[in-house]
Amino acid sequence: MDKRVTMKDIAEKLGVSKVTVSKALKDSPDISSSLKEKIIKTAQEMGYIYNAKGRMLRENLTYSIGVISSEKYYGKDDYFYIDLYKHLSNSLEKLGFTTTFNIISQSDENDLSVPNALLEQKVDGVVILGQMSLDYIQKVLSYSYPTVFLDFYCDKFNVDCVITDNFYATYEITNMLIEHGHTKIGFVGNIYATSSIQDRFLGFYKALLENKIDLNKDWIIKDRDDNNNFIDIVLPKNLPTAFVCNCDKTAYLTIEKLKSSGYKVPDDVSVVGFDDSLHAVLSQPKITTVRVNLEEMGRRTAKMMVEKIKQGEKHYGKMLIKGKIIVRESVKALK
């Protein structure tokens, strides 16, 4: 049987002390980041097995983060939050934490039923992924775990959040349409559904204001009800020349509605979306959209959460992550 690798073995290979190796494996701030990474990498390569159970008992931590999300975000072909969760989970794993992913049914959300991991204190912190009802959020916060909101914010609670810069990204993509000659532009999205949609609408509206373009209320179209259930898109009698949609799924549905009504995209109407999700490339034509930096959102959330747990509660406020416009085939320049 192979001899079990010890901290002494790692220390001898790297020419450092056993105490230095121990501190690095405990993520001590006394060790520089570069040396810490080198020691951890060497330990992994040598097959070192850390006594995680003993560490948990000493530090009174579970090294697990509870991620809570609502089932309304996980319909057919809805992979945005699955992808975001993967990046979050990977980032937390690199920092030594596992995750428990809980998708809350609508009935459990209404009944304020929280996951057992919270009740049994099997997690050290909570990430709420996607906006949920105010009552449910309040219920989760009542357990006093370090908490981060991911991909939404709510000023009713003093909770840190990591979000895309929804306002500025939609402002930019609306300006792109205006630069293409569009002055008749509508918005598709229920502005009362989530904070993200509200901010995207406000970015759209700012672009209109700066270019002295009137906001036509008939061109503000709902894509979902207030509970985030998608509804049939009703086109106005007099169409604008372009639509800014709050997400790619809505842009996809808008394009399908336009096509079924006898219109060509982008020849008759241009359409842009947000998220750079699967719908953006499944659509015909493919959708010009804003690519959300999911990896950075996951990394920032993980770093923020671990700092809260290990160094005590800190306040970060809103952490904005910039998006990038991806130009595809659903936009036409007017002449």
# chains A, B, ... in the order shown; residues from 1 in each chain; ligands from 1

$ residues_around --residues "segment 167-183 of chain A" --least-positions-apart "4" --cutoff "6 Å" --atoms "only C-alpha atoms" --output "ChimeraX atom specification"
/A:199-200,203-204,207,333-334

$ write_last_selection --atoms "N, CA and C atoms" --output "PDB file, in the first residue's frame"
ATOM      1  N   ASP A 199     -34.641  47.612 -14.552  1.00  0.00           N
ATOM      2  CA  ASP A 199     -33.414  48.327 -14.889  1.00  0.00           C
ATOM      3  C   ASP A 199     -33.152  48.301 -16.396  1.00  0.00           C
ATOM      4  N   ARG A 200     -33.491  47.202 -17.038  1.00  0.00           N
ATOM      5  CA  ARG A 200     -33.305  47.127 -18.496  1.00  0.00           C
ATOM      6  C   ARG A 200     -34.250  48.103 -19.200  1.00  0.00           C
ATOM      7  N   GLY A 203     -32.796  51.636 -18.744  1.00  0.00           N
ATOM      8  CA  GLY A 203     -31.692  51.883 -19.665  1.00  0.00           C
ATOM      9  C   GLY A 203     -32.192  52.180 -21.071  1.00  0.00           C
ATOM     10  N   PHE A 204     -33.199  51.432 -21.490  1.00  0.00           N
ATOM     11  CA  PHE A 204     -33.855  51.653 -22.793  1.00  0.00           C
ATOM     12  C   PHE A 204     -34.443  53.067 -22.848  1.00  0.00           C
ATOM     13  N   ALA A 207     -31.912  55.953 -23.175  1.00  0.00           N
ATOM     14  CA  ALA A 207     -31.411  56.117 -24.545  1.00  0.00           C
ATOM     15  C   ALA A 207     -32.408  56.905 -25.390  1.00  0.00           C
ATOM     16  N   ALA A 333     -30.140  47.943 -40.458  1.00  0.00           N
ATOM     17  CA  ALA A 333     -29.950  49.385 -40.481  1.00  0.00           C
ATOM     18  C   ALA A 333     -30.952  49.991 -41.435  1.00  0.00           C
ATOM     19  N   LEU A 334     -31.681  51.006 -40.988  1.00  0.00           N
ATOM     20  CA  LEU A 334     -32.650  51.683 -41.845  1.00  0.00           C
ATOM     21  C   LEU A 334     -31.959  52.676 -42.753  1.00  0.00           C
TER      22      LEU A 334
END

$ select_by_dssp --residues "segment 209-273 of chain A" --states "strand (DSSP E)" --output "number ranges by chain"
A: 220-221, 242-245, 270-272

$ closest_residue --among "A:Ser113, A:Ser270, A:Ser33, A:Ser64" --to "Lys184 of chain A" --atoms "only C-alpha atoms"
A:Ser270

$ closest_atom_pairs --of "segment 126-188 of chain A" --to "segment 76-100 of chain A" --cutoff "10 Å" --atoms "only C-alpha atoms" --output "CSV"
residue,atom,partner,partner_atom,distance
A:Val126,CA,A:Thr99,CA,9.5
A:Val127,CA,A:Leu88,CA,9.6
A:Leu129,CA,A:Tyr81,CA,7.6
A:Gly130,CA,A:Tyr81,CA,7.9
A:Leu150,CA,A:Leu84,CA,9.3
A:Asp151,CA,A:Tyr81,CA,9.2

$ select_by_dssp --residues "segment 22-201 of chain A" --states "helix (DSSP H, G or I)" --output "number ranges by chain"
A: 22-25, 33-46, 52-59, 71-73, 80-94, 106-111, 116-119, 134-141, 166-179, 195-201

$ residues_around --residues "Met305 of chain A" --least-positions-apart "3" --cutoff "8 Å" --atoms "only C-alpha atoms" --output "mmCIF file with C-alpha atoms, in the first residue's frame"
data_model
loop_
_atom_site.group_PDB
_atom_site.id
_atom_site.type_symbol
_atom_site.label_atom_id
_atom_site.label_comp_id
_atom_site.auth_asym_id
_atom_site.auth_seq_id
_atom_site.Cartn_x
_atom_site.Cartn_y
_atom_site.Cartn_z
ATOM 1 C CA GLY A 125 -24.281 30.882 3.987
ATOM 2 C CA PRO A 146 -24.614 35.428 5.514
ATOM 3 C CA THR A 147 -26.617 36.002 2.327
ATOM 4 C CA VAL A 148 -25.953 37.249 -1.198
ATOM 5 C CA THR A 301 -20.411 35.934 -5.615
ATOM 6 C CA ALA A 302 -18.251 33.073 -4.335
ATOM 7 C CA LYS A 308 -18.469 37.134 4.729
ATOM 8 C CA ILE A 309 -18.165 33.726 6.387
#

$ atom_distance --atom1 "atom CA of Val244 of chain A" --atom2 "atom CA of Phe152 of chain A"
19.9 Å

$ residues_around --residues "segment 189-196 of chain A" --least-positions-apart "2" --cutoff "8 Å" --atoms "only C-alpha atoms" --output "ChimeraX atom specification"
/A:131,151-154,166,187,198-201,220-228,245-246,250

$ residues_around --residues "Asn102 of chain A" --least-positions-apart "5" --cutoff "8 Å" --atoms "only C-alpha atoms" --output "ChimeraX atom specification"
/A:66-69,115

$ atom_distance --atom1 "atom CA of Ser34 of chain A" --atom2 "atom CA of Met297 of chain A"
23.2 Å

$ residues_around --residues "Ile137 of chain A" --least-positions-apart "2" --cutoff "10 Å" --atoms "only C-alpha atoms" --output "short mmCIF file (atom, residue, chain, number, x, y, z; two decimals) with all heavy atoms, in the first residue's frame"
data_model
loop_
_atom_site.label_atom_id
_atom_site.label_comp_id
_atom_site.auth_asym_id
_atom_site.auth_seq_id
_atom_site.Cartn_x
_atom_site.Cartn_y
_atom_site.Cartn_z
N GLU A 109 -42.78 28.09 -2.16
CA GLU A 109 -42.49 29.53 -2.05
C GLU A 109 -43.67 30.26 -1.41
O GLU A 109 -43.49 31.12 -0.53
CB GLU A 109 -42.18 30.12 -3.43
CG GLU A 109 -41.70 31.56 -3.37
CD GLU A 109 -41.20 32.07 -4.73
OE1 GLU A 109 -40.99 31.25 -5.65
OE2 GLU A 109 -41.03 33.30 -4.85
N LEU A 112 -43.84 29.49 2.25
CA LEU A 112 -42.63 29.92 2.97
C LEU A 112 -41.88 28.72 3.56
O LEU A 112 -41.35 28.76 4.67
CB LEU A 112 -42.97 30.92 4.08
CG LEU A 112 -43.78 32.15 3.67
CD1 LEU A 112 -43.98 33.09 4.85
CD2 LEU A 112 -43.10 32.89 2.52
N VAL A 114 -38.73 26.53 3.67
CA VAL A 114 -37.32 26.65 3.33
C VAL A 114 -36.66 25.28 3.35
O VAL A 114 -37.14 24.35 4.00
CB VAL A 114 -36.59 27.61 4.29
CG1 VAL A 114 -37.20 28.99 4.25
CG2 VAL A 114 -36.59 27.07 5.70
N ILE A 128 -29.28 33.48 -2.85
CA ILE A 128 -30.60 33.43 -3.50
C ILE A 128 -30.38 33.78 -4.95
O ILE A 128 -29.98 34.90 -5.29
CB ILE A 128 -31.60 34.38 -2.84
CG1 ILE A 128 -31.78 34.01 -1.36
CG2 ILE A 128 -32.96 34.30 -3.55
CD1 ILE A 128 -32.76 34.90 -0.61
N GLN A 131 -34.77 36.49 -8.47
CA GLN A 131 -35.70 37.15 -7.56
C GLN A 131 -36.84 36.22 -7.15
O GLN A 131 -37.42 35.51 -7.97
CB GLN A 131 -36.28 38.41 -8.22
CG GLN A 131 -37.03 39.32 -7.27
CD GLN A 131 -37.10 40.74 -7.78
OE1 GLN A 131 -36.30 41.16 -8.61
NE2 GLN A 131 -38.04 41.51 -7.26
N MET A 132 -37.14 36.24 -5.85
CA MET A 132 -38.25 35.47 -5.29
C MET A 132 -39.19 36.43 -4.57
O MET A 132 -38.93 37.64 -4.51
CB MET A 132 -37.71 34.39 -4.35
CG MET A 132 -36.71 33.45 -5.02
SD MET A 132 -36.10 32.12 -3.97
CE MET A 132 -37.51 31.00 -3.95
N SER A 133 -40.30 35.93 -4.03
CA SER A 133 -41.26 36.81 -3.38
C SER A 133 -40.64 37.47 -2.15
O SER A 133 -39.74 36.91 -1.50
CB SER A 133 -42.51 36.02 -2.97
OG SER A 133 -42.22 35.15 -1.88
N LEU A 134 -41.11 38.65 -1.82
CA LEU A 134 -40.58 39.38 -0.67
C LEU A 134 -40.76 38.60 0.62
O LEU A 134 -39.87 38.57 1.47
CB LEU A 134 -41.26 40.75 -0.55
CG LEU A 134 -41.01 41.74 -1.70
CD1 LEU A 134 -41.76 43.04 -1.42
CD2 LEU A 134 -39.53 42.00 -1.88
N ASP A 135 -41.90 37.95 0.76
CA ASP A 135 -42.16 37.16 1.98
C ASP A 135 -41.19 36.00 2.10
O ASP A 135 -40.71 35.69 3.21
CB ASP A 135 -43.60 36.64 1.98
CG ASP A 135 -44.62 37.74 2.22
OD1 ASP A 135 -44.23 38.81 2.74
OD2 ASP A 135 -45.80 37.55 1.89
N LYS A 139 -38.30 35.34 4.93
CA LYS A 139 -38.24 34.08 5.69
C LYS A 139 -36.82 33.54 5.70
O LYS A 139 -36.30 33.12 6.76
CB LYS A 139 -39.20 33.06 5.08
CG LYS A 139 -39.24 31.72 5.81
CD LYS A 139 -39.89 31.83 7.17
CE LYS A 139 -40.07 30.48 7.81
NZ LYS A 139 -40.71 30.57 9.14
N VAL A 140 -36.17 33.53 4.55
CA VAL A 140 -34.79 33.04 4.47
C VAL A 140 -33.86 33.90 5.33
O VAL A 140 -33.02 33.38 6.08
CB VAL A 140 -34.31 33.02 3.01
CG1 VAL A 140 -32.81 32.70 2.93
CG2 VAL A 140 -35.10 31.99 2.20
N LEU A 141 -34.03 35.20 5.25
CA LEU A 141 -33.17 36.11 6.01
C LEU A 141 -33.37 35.98 7.51
O LEU A 141 -32.46 36.31 8.30
CB LEU A 141 -33.42 37.56 5.58
CG LEU A 141 -33.05 37.92 4.14
CD1 LEU A 141 -33.37 39.38 3.85
CD2 LEU A 141 -31.57 37.64 3.86
N SER A 142 -34.54 35.49 7.92
CA SER A 142 -34.81 35.36 9.36
C SER A 142 -33.89 34.35 10.04
O SER A 142 -33.76 34.35 11.26
CB SER A 142 -36.27 34.96 9.59
OG SER A 142 -36.52 33.63 9.19
N PHE A 149 -27.60 38.10 -2.77
CA PHE A 149 -28.56 38.00 -3.87
C PHE A 149 -27.76 37.93 -5.17
O PHE A 149 -26.90 38.77 -5.41
CB PHE A 149 -29.48 39.22 -3.92
CG PHE A 149 -30.41 39.38 -2.75
CD1 PHE A 149 -31.03 40.60 -2.50
CD2 PHE A 149 -30.69 38.32 -1.90
CE1 PHE A 149 -31.89 40.77 -1.43
CE2 PHE A 149 -31.54 38.46 -0.83
CZ PHE A 149 -32.15 39.70 -0.59
N CYS A 154 -32.89 43.98 -4.14
CA CYS A 154 -34.13 44.46 -3.55
C CYS A 154 -33.77 45.44 -2.45
O CYS A 154 -33.17 45.05 -1.44
CB CYS A 154 -34.98 43.31 -3.00
SG CYS A 154 -36.55 43.86 -2.32
N PHE A 157 -34.30 45.18 1.49
CA PHE A 157 -33.42 44.42 2.38
C PHE A 157 -31.99 44.93 2.23
O PHE A 157 -31.53 45.21 1.12
CB PHE A 157 -33.47 42.93 2.04
CG PHE A 157 -34.85 42.35 2.03
CD1 PHE A 157 -35.46 42.02 0.82
CD2 PHE A 157 -35.55 42.14 3.21
CE1 PHE A 157 -36.74 41.49 0.80
CE2 PHE A 157 -36.82 41.60 3.19
CZ PHE A 157 -37.43 41.29 1.99
#
